[in-house]
$ cat target-v3.txt   # compact mmCIF, C-alpha atoms
# COMPACT_ATOMS: atom_id res chain seq x y z
CA MET A 1 107.81 63.56 76.06
CA ALA A 2 110.89 64.74 77.76
CA ALA A 3 112.75 67.14 75.64
CA GLN A 4 115.85 65.68 74.31
CA PHE A 5 118.72 67.91 73.88
CA GLU A 6 122.33 67.70 73.26
CA PRO A 7 124.49 69.17 75.89
CA PRO A 8 126.52 71.98 74.42
CA ALA A 9 129.93 71.03 73.05
CA PRO A 10 132.23 70.70 75.99
CA THR A 11 134.29 73.81 76.47
CA ARG A 12 137.83 73.55 77.60
CA LEU A 13 137.57 72.98 81.31
CA ASP A 14 139.91 75.14 83.24
CA ARG A 15 141.01 73.82 86.59
CA ILE A 16 138.02 74.57 88.73
CA GLN A 17 138.86 77.12 91.36
CA PRO A 18 136.33 78.08 93.98
CA ALA A 19 135.85 81.80 94.06
CA THR A 20 138.05 83.35 96.70
CA SER A 21 137.22 86.44 98.53
CA GLY A 22 139.50 88.80 100.36
CA ARG A 23 136.44 90.06 102.17
CA LEU A 24 136.52 86.95 104.37
CA LEU A 25 139.67 88.35 105.93
CA VAL A 26 138.08 91.58 107.14
CA VAL A 27 136.63 90.25 110.38
CA PRO A 28 139.80 88.34 111.31
CA ALA A 29 141.84 91.45 110.54
CA LEU A 30 139.62 93.54 112.81
CA VAL A 31 139.90 90.98 115.60
CA GLY A 32 143.67 90.99 115.14
CA CYS A 33 143.79 94.77 115.39
CA LEU A 34 141.76 94.59 118.57
CA VAL A 35 144.20 92.06 120.05
CA SER A 36 147.24 94.19 119.19
CA LEU A 37 145.66 97.36 120.53
CA THR A 38 144.55 95.67 123.74
CA LEU A 39 148.05 94.39 124.45
CA GLY A 40 149.63 97.75 123.70
CA ILE A 41 147.16 99.77 125.72
CA TYR A 42 147.37 97.38 128.68
CA GLY A 43 151.17 97.52 128.53
CA ARG A 44 151.10 101.30 128.53
CA LEU A 45 148.46 101.89 131.21
CA HIS A 46 149.43 99.17 133.63
CA SER A 47 152.15 100.18 136.06
CA PRO A 48 154.97 97.69 135.50
CA THR A 49 155.71 95.80 138.66
CA GLY A 50 159.25 94.64 137.89
CA VAL A 51 158.22 91.21 139.17
CA ALA A 52 155.93 88.39 138.12
CA VAL A 53 155.79 84.67 138.84
CA ASP A 54 159.23 83.15 139.37
CA ILE A 55 159.99 79.89 137.62
CA VAL A 56 162.29 77.48 139.42
CA GLY A 57 165.38 76.11 137.77
CA PHE A 58 166.47 79.34 136.12
CA SER A 59 168.76 82.00 137.49
CA SER A 60 166.33 84.85 136.87
CA PRO A 61 163.07 85.62 135.09
CA ALA A 62 165.08 87.20 132.29
CA THR A 63 166.86 83.94 131.46
CA VAL A 64 163.56 82.02 131.52
CA LYS A 65 162.19 84.39 128.92
CA THR A 66 165.26 84.28 126.71
CA TRP A 67 165.20 80.50 126.55
CA LEU A 68 161.44 80.27 125.99
CA ALA A 69 161.70 82.89 123.26
CA THR A 70 164.61 81.06 121.62
CA GLY A 71 162.61 77.82 121.75
CA ALA A 72 159.66 79.57 120.14
CA VAL A 73 161.86 80.85 117.31
CA LEU A 74 163.29 77.37 116.71
CA PHE A 75 159.80 75.88 116.47
CA ALA A 76 158.82 78.78 114.20
CA VAL A 77 161.71 77.91 111.89
CA VAL A 78 160.29 74.37 111.68
CA GLN A 79 156.94 76.01 110.89
CA VAL A 80 158.34 78.00 107.99
CA GLY A 81 160.35 75.04 106.72
CA SER A 82 157.36 72.72 106.78
CA ALA A 83 155.24 75.38 105.06
CA LEU A 84 157.81 75.64 102.26
CA VAL A 85 157.69 71.88 101.80
CA MET A 86 153.88 71.89 101.86
CA TYR A 87 153.76 74.52 99.14
CA GLY A 88 156.26 72.59 97.06
CA LYS A 89 158.90 75.28 97.29
CA VAL A 90 161.76 73.04 98.32
CA PRO A 91 163.37 71.45 95.26
CA ARG A 92 163.62 67.68 95.22
CA VAL A 93 161.71 67.31 98.48
CA THR A 94 158.24 65.85 98.16
CA SER A 95 155.87 66.59 100.94
CA PRO A 96 155.47 63.59 103.22
CA SER A 97 152.10 62.75 104.66
CA TRP A 98 153.04 63.95 108.14
CA ILE A 99 154.17 67.40 107.08
CA GLY A 100 150.83 69.01 107.82
CA THR A 101 150.82 67.59 111.33
CA LEU A 102 154.40 68.76 111.87
CA HIS A 103 153.43 72.22 110.70
CA GLN A 104 150.45 72.46 113.00
CA TRP A 105 152.18 71.11 116.08
CA SER A 106 155.37 73.13 115.68
CA GLY A 107 153.17 76.20 115.39
CA ARG A 108 151.14 75.34 118.47
CA ILE A 109 154.24 74.70 120.55
CA ALA A 110 155.92 77.92 119.36
CA PHE A 111 152.81 79.93 120.25
CA ILE A 112 152.40 78.36 123.69
CA LEU A 113 156.07 79.05 124.47
CA THR A 114 155.53 82.74 123.77
CA VAL A 115 152.61 83.07 126.18
CA PRO A 116 154.53 83.07 129.50
CA VAL A 117 157.06 85.43 127.94
CA VAL A 118 154.50 88.01 126.85
CA VAL A 119 152.62 87.81 130.16
CA HIS A 120 155.84 88.50 132.08
CA CYS A 121 156.92 91.17 129.63
CA LEU A 122 153.67 93.13 129.80
CA TYR A 123 153.09 92.65 133.51
CA ALA A 124 156.60 93.25 134.81
CA LEU A 125 158.10 95.58 132.20
CA GLY A 126 155.24 97.18 130.29
CA PHE A 127 155.23 98.92 126.91
CA GLN A 128 158.45 100.92 126.94
CA THR A 129 159.65 103.63 124.61
CA PHE A 130 162.87 104.89 126.19
CA ASN A 131 165.07 103.72 123.36
CA ALA A 132 164.66 102.38 119.81
CA ARG A 133 165.23 98.73 120.74
CA VAL A 134 162.50 98.60 123.40
CA LEU A 135 160.13 100.60 121.20
CA VAL A 136 160.58 98.19 118.28
CA HIS A 137 160.22 95.26 120.66
CA SER A 138 157.05 96.63 122.23
CA VAL A 139 155.40 97.47 118.90
CA CYS A 140 156.37 94.20 117.19
CA GLY A 141 155.32 92.25 120.26
CA CYS A 142 151.81 93.64 120.08
CA LEU A 143 151.66 93.22 116.29
CA PHE A 144 152.82 89.60 116.45
CA PHE A 145 149.88 88.47 118.56
CA GLY A 146 147.46 90.34 116.33
CA VAL A 147 148.90 88.74 113.19
CA PHE A 148 148.90 85.31 114.82
CA THR A 149 145.23 85.76 115.74
CA VAL A 150 144.39 86.75 112.17
CA LYS A 151 146.20 83.69 110.84
CA MET A 152 144.35 81.36 113.21
CA LEU A 153 140.98 82.89 112.34
CA ALA A 154 141.74 82.85 108.61
CA LEU A 155 142.40 79.11 108.84
CA THR A 156 138.80 78.57 109.91
CA ARG A 157 137.41 80.05 106.69
CA ARG A 158 137.12 78.43 103.33
CA GLY A 159 137.63 80.56 100.30
CA ILE A 160 140.29 82.96 101.48
CA PRO A 161 142.71 84.10 98.80
CA GLY A 162 145.73 81.90 98.20
CA TRP A 163 148.19 84.58 99.25
CA ALA A 164 146.62 85.07 102.70
CA LEU A 165 148.15 82.20 104.67
CA PRO A 166 151.69 82.55 103.31
CA LEU A 167 151.55 86.31 103.91
CA LEU A 168 150.23 85.98 107.45
CA GLY A 169 152.59 83.15 108.30
CA GLY A 170 155.58 84.95 106.88
CA LEU A 171 154.65 88.16 108.67
CA ALA A 172 154.23 86.34 111.99
CA PHE A 173 157.63 84.72 111.54
CA ALA A 174 159.33 88.00 110.62
CA LEU A 175 157.80 89.75 113.64
CA LEU A 176 158.84 86.93 115.98
CA VAL A 177 162.41 87.11 114.73
CA VAL A 178 162.53 90.89 115.24
CA ILE A 179 161.11 90.39 118.74
CA TRP A 180 163.79 87.80 119.48
CA PHE A 181 166.59 90.01 118.15
CA THR A 182 165.49 92.99 120.22
CA SER A 183 165.38 90.93 123.41
CA ALA A 184 166.91 87.45 123.75
CA PHE A 185 169.74 88.10 121.28
CA TRP A 186 170.49 91.39 123.02
CA PHE A 187 170.44 89.65 126.39
CA PHE A 188 172.77 86.86 125.23
CA THR A 189 175.28 89.34 123.81
CA ASN A 190 175.30 91.39 126.99
CA PHE A 191 175.03 88.74 129.65
CA GLY A 192 176.28 85.67 127.87
CA VAL A 193 174.44 82.46 127.30
CA SER A 194 173.57 80.90 130.64
CA ARG A 195 170.74 79.10 132.34
CA MET B 1 129.92 70.93 114.77
CA LYS B 2 133.55 70.42 115.53
CA ILE B 3 135.31 73.50 116.85
CA SER B 4 138.16 74.20 114.50
CA THR B 5 141.60 73.49 115.89
CA PRO B 6 143.03 76.98 115.27
CA ILE B 7 140.35 78.35 117.58
CA ILE B 8 141.36 75.76 120.16
CA THR B 9 144.97 76.90 119.85
CA LEU B 10 143.95 80.52 120.47
CA LEU B 11 141.75 79.55 123.40
CA VAL B 12 144.52 77.49 125.01
CA GLY B 13 146.83 80.49 124.68
CA VAL B 14 144.28 82.86 126.19
CA VAL B 15 143.53 80.52 129.10
CA LEU B 16 147.25 80.01 129.78
CA ALA B 17 147.86 83.77 129.65
CA ALA B 18 144.95 84.46 131.97
CA SER B 19 146.09 81.90 134.52
CA LEU B 20 149.68 83.22 134.45
CA LEU B 21 148.40 86.75 134.84
CA ILE B 22 146.25 85.78 137.80
CA SER B 23 149.07 83.91 139.49
CA SER B 24 151.41 86.86 138.85
CA MET B 25 148.89 89.22 140.40
CA SER B 26 148.43 86.99 143.42
CA ALA B 27 152.20 86.50 143.78
CA VAL B 28 152.65 90.26 143.73
CA SER B 29 149.83 90.86 146.19
CA ALA B 30 151.12 88.13 148.51
CA LYS B 31 154.44 89.93 148.41
CA LYS B 32 152.62 93.18 149.12
CA ALA B 33 150.82 91.67 152.10
CA ALA B 34 154.06 90.38 153.55
CA LEU B 35 155.67 93.76 153.01
CA ALA B 36 152.69 95.55 154.51
CA ALA B 37 153.29 93.74 157.76
CA ALA B 38 157.01 94.50 157.61
CA SER B 39 156.62 98.17 156.70
CA ALA B 40 154.00 98.70 159.38
CA SER B 41 156.58 97.84 162.00
CA ALA B 42 159.35 99.66 160.11
CA SER B 43 157.38 102.90 159.81
CA ALA B 44 156.62 102.77 163.51
CA GLN B 45 160.38 102.79 164.08
CA ALA B 46 160.99 105.46 161.43
CA THR B 47 158.53 107.92 162.97
CA ALA B 48 160.34 107.42 166.26
CA ALA B 49 163.56 108.47 164.47
CA GLY B 50 161.70 111.54 163.22
CA THR B 51 163.26 112.22 159.81
CA VAL B 52 161.46 114.78 157.67
CA SER B 53 161.26 114.52 153.91
CA ALA B 54 161.65 117.60 151.71
CA ALA B 55 159.83 119.02 148.70
CA ALA B 56 158.50 115.80 147.22
CA PRO B 57 154.69 115.84 146.97
CA SER B 58 153.41 114.00 149.99
CA GLN B 59 151.35 110.89 149.59
CA SER B 60 147.83 110.73 150.86
CA ALA B 61 148.94 108.54 153.75
CA SER B 62 149.75 110.64 156.75
CA SER B 63 153.31 110.31 157.94
CA ALA B 64 152.17 109.78 161.50
CA ALA B 65 151.64 106.53 163.29
CA SER B 66 149.25 104.78 160.89
CA PRO B 67 150.83 101.96 158.85
CA SER B 68 151.56 103.21 155.34
CA ALA B 69 150.17 100.18 153.54
CA SER B 70 146.62 100.26 154.73
CA THR B 71 145.95 103.92 153.96
CA SER B 72 147.89 104.52 150.74
CA PRO B 73 146.12 103.64 147.48
CA GLY B 74 147.37 100.10 146.90
CA PHE B 75 151.09 100.92 146.94
CA VAL B 76 153.21 98.99 149.37
CA ILE B 77 156.60 100.25 150.36
CA PRO B 78 159.21 97.52 150.33
CA PRO B 79 161.95 97.78 152.95
CA HIS B 80 164.51 96.42 150.46
CA ALA B 81 164.51 97.34 146.80
CA ASN B 82 166.81 97.97 143.87
CA TYR B 83 165.69 100.30 141.10
CA ASP B 84 167.46 101.52 138.03
CA GLY B 85 166.78 102.94 134.62
CA LYS B 86 167.40 105.76 132.21
CA VAL B 87 166.26 109.25 133.02
CA GLN B 88 163.78 111.02 130.80
CA GLY B 89 165.53 112.21 127.67
CA ASN B 90 168.20 109.52 127.96
CA ALA B 91 170.81 111.94 129.30
CA GLY B 92 171.99 109.36 131.81
CA SER B 93 170.91 106.62 134.16
CA VAL B 94 170.03 106.53 137.82
CA ALA B 95 170.05 103.70 140.33
CA ILE B 96 168.46 103.73 143.77
CA VAL B 97 168.96 101.05 146.39
CA VAL B 98 166.80 101.09 149.50
CA HIS B 99 167.76 98.96 152.49
CA ASP B 100 165.71 99.47 155.66
CA THR B 101 166.69 102.88 157.02
CA PHE B 102 169.37 103.71 154.48
CA ALA B 103 169.31 104.42 150.77
CA ILE B 104 172.10 104.86 148.25
CA ALA B 105 171.65 106.32 144.80
CA TYR B 106 173.93 106.90 141.87
CA TYR B 107 173.48 108.98 138.76
CA CYS B 108 175.84 108.81 135.83
CA ASN B 109 175.85 109.58 132.17
CA GLY B 110 178.71 107.23 131.40
CA SER B 111 181.26 110.00 131.20
CA THR B 112 181.75 113.26 133.03
CA GLN B 113 178.54 113.62 135.00
CA GLU B 114 178.00 111.44 138.01
CA ALA B 115 177.06 111.66 141.65
CA TRP B 116 176.65 109.35 144.62
CA LEU B 117 173.80 110.24 146.94
CA LYS B 118 172.67 109.06 150.36
CA GLY B 119 169.53 109.47 152.36
CA THR B 120 167.00 107.99 154.72
CA PRO B 121 163.88 106.48 153.23
CA HIS B 122 160.66 107.54 154.89
CA ASN B 123 157.23 106.20 154.04
CA GLY B 124 158.02 105.57 150.41
CA GLN B 125 159.71 108.93 149.95
CA LEU B 126 163.36 109.68 149.45
CA SER B 127 165.24 112.90 149.82
CA MET B 128 168.90 112.33 149.13
CA THR B 129 171.96 114.52 148.84
CA GLY B 130 175.45 114.17 147.46
CA LYS B 131 178.61 116.18 146.79
CA ASN B 132 178.42 119.39 144.81
CA ASN B 133 174.79 120.00 145.71
CA ALA B 134 173.56 116.86 144.01
CA THR B 135 170.03 116.06 145.13
CA LEU B 136 167.48 113.36 144.50
CA THR B 137 163.84 113.28 145.50
CA ALA B 138 161.63 110.33 144.71
CA ASN B 139 158.59 108.30 145.62
CA TYR B 140 159.13 104.58 145.52
CA ALA B 141 156.91 101.53 145.91
CA LEU B 142 156.92 97.87 144.97
CA GLY B 143 158.13 97.65 141.42
CA HIS B 144 158.85 101.28 140.52
CA ALA B 145 160.26 104.59 141.63
CA ARG B 146 159.66 108.08 140.27
CA GLY B 147 161.33 111.37 140.98
CA THR B 148 163.94 113.93 140.01
CA VAL B 149 167.72 113.89 140.33
CA THR B 150 169.80 117.05 140.02
CA VAL B 151 173.51 116.78 139.23
CA ASP B 152 175.79 119.66 138.24
CA GLY B 153 172.80 121.97 138.26
CA ILE B 154 170.80 119.97 135.71
CA SER B 155 167.60 118.23 136.78
CA HIS B 156 166.47 114.95 135.29
CA VAL B 157 163.05 113.43 135.81
CA PHE B 158 162.92 109.66 135.99
CA SER B 159 160.44 106.80 136.20
CA ILE B 160 162.32 103.57 136.77
CA ILE B 161 161.50 99.99 137.59
CA ALA B 162 162.66 97.54 140.20
CA VAL B 163 165.51 95.38 138.97
CA HIS B 164 167.12 92.14 140.06
CA LYS B 165 170.33 90.28 139.54
CA PRO B 166 172.28 90.51 137.30
CA SER B 167 171.11 94.12 136.83
CA GLY B 168 171.76 96.70 139.52
CA LEU B 169 174.29 99.09 140.97
CA PHE B 170 177.97 98.33 141.45
CA GLN B 171 180.74 100.29 143.08
CA SER B 172 184.47 100.04 143.30
CA ILE B 173 186.85 101.99 145.49
CA ALA B 174 190.40 101.00 144.74
CA VAL B 175 193.93 102.27 144.75
CA VAL B 176 195.17 102.50 141.19
CA ARG B 177 198.71 103.69 140.52
CA GLY B 178 198.90 105.28 143.97
CA ALA B 179 195.61 107.22 143.76
CA THR B 180 192.24 106.28 145.17
CA VAL B 181 189.77 105.77 142.38
CA LYS B 182 186.03 105.47 142.87
CA ALA B 183 183.88 103.99 140.13
CA GLY B 184 180.20 103.24 139.77
CA TRP B 185 178.29 101.14 137.24
CA ILE B 186 174.59 100.89 136.62
CA VAL B 187 173.53 97.73 134.82
CA LEU B 188 170.07 98.25 133.38
CA ALA B 189 167.28 95.68 133.13
CA ASP B 190 168.12 94.98 129.49
CA GLY B 191 171.77 94.28 130.24
CA THR B 192 173.37 97.49 129.01
CA GLN B 193 175.66 99.25 131.44
CA VAL B 194 176.83 102.80 132.07
CA GLY B 195 179.69 103.61 134.35
CA SER B 196 181.79 106.53 135.43
CA LEU B 197 185.03 106.70 137.31
CA GLU B 198 186.35 109.46 139.56
CA PRO B 199 190.13 109.57 139.57
CA ASP B 200 190.21 111.51 142.84
CA PRO B 201 187.01 111.40 144.87
CA ASN B 202 188.41 113.64 147.61
CA SER B 203 189.33 116.51 145.33
CA ALA B 204 187.46 119.79 145.70
CA THR B 205 186.83 119.90 141.96
CA PRO B 206 185.72 116.37 141.15
CA SER B 207 186.15 115.18 137.62
CA ALA B 208 184.83 112.00 136.12
CA ALA B 209 185.41 109.92 133.05
CA THR B 210 183.96 106.84 131.45
CA ALA B 211 184.56 103.75 133.52
CA PRO B 212 186.07 100.65 131.92
CA LYS B 213 183.52 97.99 131.09
CA LEU B 214 182.49 95.85 134.04
CA ASP B 215 182.65 92.14 133.44
CA LEU B 216 179.49 90.88 135.12
CA SER B 217 180.61 87.30 135.53
CA THR B 218 183.73 88.23 137.53
CA LEU B 219 182.66 91.70 138.73
CA THR B 220 186.00 93.17 137.69
CA ALA B 221 187.09 95.85 135.29
CA ASP B 222 190.43 96.71 133.79
CA ASP B 223 191.59 100.26 134.49
CA GLY B 224 194.66 100.74 132.32
CA GLY B 225 196.17 97.41 133.26
CA THR B 226 195.03 97.35 136.89
CA THR B 227 192.15 95.07 137.73
CA ILE B 228 189.56 96.74 139.93
CA VAL B 229 186.97 94.71 141.78
CA ALA B 230 183.39 95.91 142.09
CA THR B 231 180.95 95.14 144.86
CA PRO B 232 177.24 95.08 144.17
CA ILE B 233 175.11 97.53 146.12
CA ASP B 234 172.17 95.20 146.47
CA ALA B 235 169.23 95.58 148.82
CA GLU B 236 168.31 91.92 148.57
CA THR B 237 171.60 90.64 149.96
CA GLY B 238 172.47 93.77 151.96
CA SER B 239 175.76 93.99 150.08
CA GLY B 240 177.24 97.48 150.15
CA PHE B 241 175.34 98.54 153.26

$ encode --input "target-v3.txt" --output "structure tokens"
Amino acid sequence: MAAQFEPPAPTRLDRIQPATSGRLLVVPALVGCLVSLTLGIYGRLHSPTGVAVDIVGFSSPATVKTWLATGAVLFAVVQVGSALVMYGKVPRVTSPSWIGTLHQWSGRIAFILTVPVVVHCLYALGFQTFNARVLVHSVCGCLFFGVFTVKMLALTRRGIPGWALPLLGGLAFALLVVIWFTSAFWFFTNFGVSR
Amino acid sequence: MKISTPIITLLVGVVLAASLLISSMSAVSAKKAALAAASASASAQATAAGTVSAAAPSQSASSAASPSASTSPGFVIPPHANYDGKVQGNAGSVAIVVHDTFAIAYYCNGSTQEAWLKGTPHNGQLSMTGKNNATLTANYALGHARGTVTVDGISHVFSIIAVHKPSGLFQSIAVVRGATVKAGWIVLADGTQVGSLEPDPNSATPSAATAPKLDLSTLTADDGGTTIVATPIDAETGSGF
């Protein structure tokens, strides 16, 4: 006869959380470091050419980059804003169903806009250290792509700690803004805003 | 198993970067090939003129009849180029403009130290001189130039990149309040500018001071109420040569 038993008295059920592990971030972090180092070392070893592919419609490669970079920052602001809504941090705004899609696409567009800029920057100008502004720009530029890689890889794993995505996203945004200030903003204040 | 979309995003970025890098490299090497043909004929003319370059370490290419591009290790010498940048240690900035058989250079620290130099480019090497024993020796190629400039007895090593509009070298020679004033500005690749002004370029004891800021949209500067007009010294348009 099957044993009959009473299930134990129900204990208070806490909200069930899957166990999270920071260890899942180690491999993405290592890949990110590799990306940052590769960009920095390439920028330093490669002899800057001063030229790269010209893009029609703009007065010079520098203006192309400043506008692409500014576009990337604007899409990144949408990223951060949509993330705040998704995490319920904006008072009186409930997250609409399309917010996740907005977040993903604004991020993808921001990232793709940065790619021609970083290729030109590394190929034509290289990793420069002759003053503080270019040093900060060069270092943050390399770090940004590493952090972005870590964030993308972290998104593929279930069970990462809750603080990981906001930290990585916030860090990526902060780095992008510093990159923009040490380049496009500087360019606009010296040369004016033009096409 | 569906590939996760963040991985797709990264892959799209990498593919885009790789294709831009490849097209940049082929654009640069197409430029090099075009310049190789041009400099082969230019160096044939230069050896006929017979100018000798000074102490700069000679490149592996012989300075005789062989075209410089095919024997030197991948560097191609452009006939027209603008370079500028800060010297090592940030003491000042230097600009070099090469246009066929003539080159102009300018060093300034934005205040009292400056010098204009001239010389004849030869096979990617420059040996230039200016007033008060100013000298400049450099090797230049597509995209960058490296060398040493000596002004007022102090030598500065530099490694600078090719620049394009709106960066570059600008000069103004004008009569201001009855005296001839010569000014030079170097606008660097990041947009910052340094400029010095000589109140009397013909004096035996030249003195220099900081030049007024050059407005890049109008190419003018205000020297104590008088507007001075600057001309670009630009290899691409031939302006200033």

$ residues_around --input "target-v3.txt" --residues "stretch 127-139 of chain B" --least-positions-apart "2" --cutoff "6 Å" --atoms "only C-alpha atoms" --output "JSON, numbers by chain"
{"B": [53, 116, 117, 118, 119, 124, 125, 145, 146, 147, 148, 149, 150, 151]}

$ residues_around --input "target-v3.txt" --residues "B:Ser93" --least-positions-apart "4" --cutoff "8 Å" --atoms "all atoms listed in the file" --output "ChimeraX atom specification"
/B:84-87,107-109,186,194

$ interface_residues --input "target-v3.txt" --of "chain B" --to "chain A" --cutoff "7 Å" --atoms "all atoms listed in the file" --output "list in words"
Ser4, Pro6, Ile7, Thr9, Gly13, Ala17, Leu20, Leu21, Ser23, Ser24, Ala27, Val28, Leu142, Gly143, His144, Ile161, Ala162, Val163, Asp190, Gly191 and Thr192 of chain B

$ closest_atom_pairs --input "target-v3.txt" --of "stretch 32-141 of chain A" --to "stretch 172-178 of chain A" --cutoff "10 Å" --atoms "only C-alpha atoms" --output "Markdown table"
| residue | atom | partner | partner_atom | distance |
| --- | --- | --- | --- | --- |
| A:Ala69 | CA | A:Leu176 | CA | 8.8 |
| A:Thr70 | CA | A:Val177 | CA | 9.4 |
| A:Ala72 | CA | A:Leu176 | CA | 8.5 |
| A:Val73 | CA | A:Val177 | CA | 6.8 |
| A:Leu74 | CA | A:Val177 | CA | 10.0 |
| A:Ala76 | CA | A:Phe173 | CA | 6.6 |
| A:Val77 | CA | A:Phe173 | CA | 7.9 |
| A:Gln79 | CA | A:Phe173 | CA | 8.8 |
| A:Val80 | CA | A:Phe173 | CA | 7.6 |
| A:Thr114 | CA | A:Leu176 | CA | 9.4 |
| A:Arg133 | CA | A:Val178 | CA | 10.0 |
| A:Val136 | CA | A:Val178 | CA | 8.1 |
| A:His137 | CA | A:Val178 | CA | 7.3 |
| A:Val139 | CA | A:Leu175 | CA | 9.6 |
| A:Cys140 | CA | A:Leu175 | CA | 5.9 |
| A:Gly141 | CA | A:Leu175 | CA | 7.5 |

$ write_last_selection --input "target-v3.txt" --atoms "C-alpha atoms" --output "compact mmCIF listing (two decimals), in the coordinates of the input"
# COMPACT_ATOMS: atom_id res chain seq x y z
CA ALA A 69 161.70 82.89 123.26
CA THR A 70 164.61 81.06 121.62
CA ALA A 72 159.66 79.57 120.14
CA VAL A 73 161.86 80.85 117.31
CA LEU A 74 163.29 77.37 116.71
CA ALA A 76 158.82 78.78 114.20
CA VAL A 77 161.71 77.91 111.89
CA GLN A 79 156.94 76.01 110.89
CA VAL A 80 158.34 78.00 107.99
CA THR A 114 155.53 82.74 123.77
CA ARG A 133 165.23 98.73 120.74
CA VAL A 136 160.58 98.19 118.28
CA HIS A 137 160.22 95.26 120.66
CA VAL A 139 155.40 97.47 118.90
CA CYS A 140 156.37 94.20 117.19
CA GLY A 141 155.32 92.25 120.26

$ closest_residue --input "target-v3.txt" --among "B:Trp185, B:Phe241, B:Phe158, B:Phe170" --to "B:Val98" --atoms "all atoms listed in the file"
B:Phe241

$ atom_distance --input "target-v3.txt" --atom1 "atom CA of A:Thr66" --atom2 "atom CA of B:Met25"
21.9 Å

$ residues_around --input "target-v3.txt" --residues "B:Ile173" --least-positions-apart "3" --cutoff "10 Å" --atoms "all atoms listed in the file" --output "list in words"
Val176, Thr180, Val181, Lys182, Ala183, Gly184, Leu197, Glu198, Pro201, Ile228, Val229, Ala230 and Thr231 of chain B

$ atom_distance --input "target-v3.txt" --atom1 "atom CA of B:Leu169" --atom2 "atom CA of A:Leu45"
27.8 Å

$ atom_distance --input "target-v3.txt" --atom1 "atom CA of A:Pro161" --atom2 "atom CA of A:Thr20"
5.2 Å
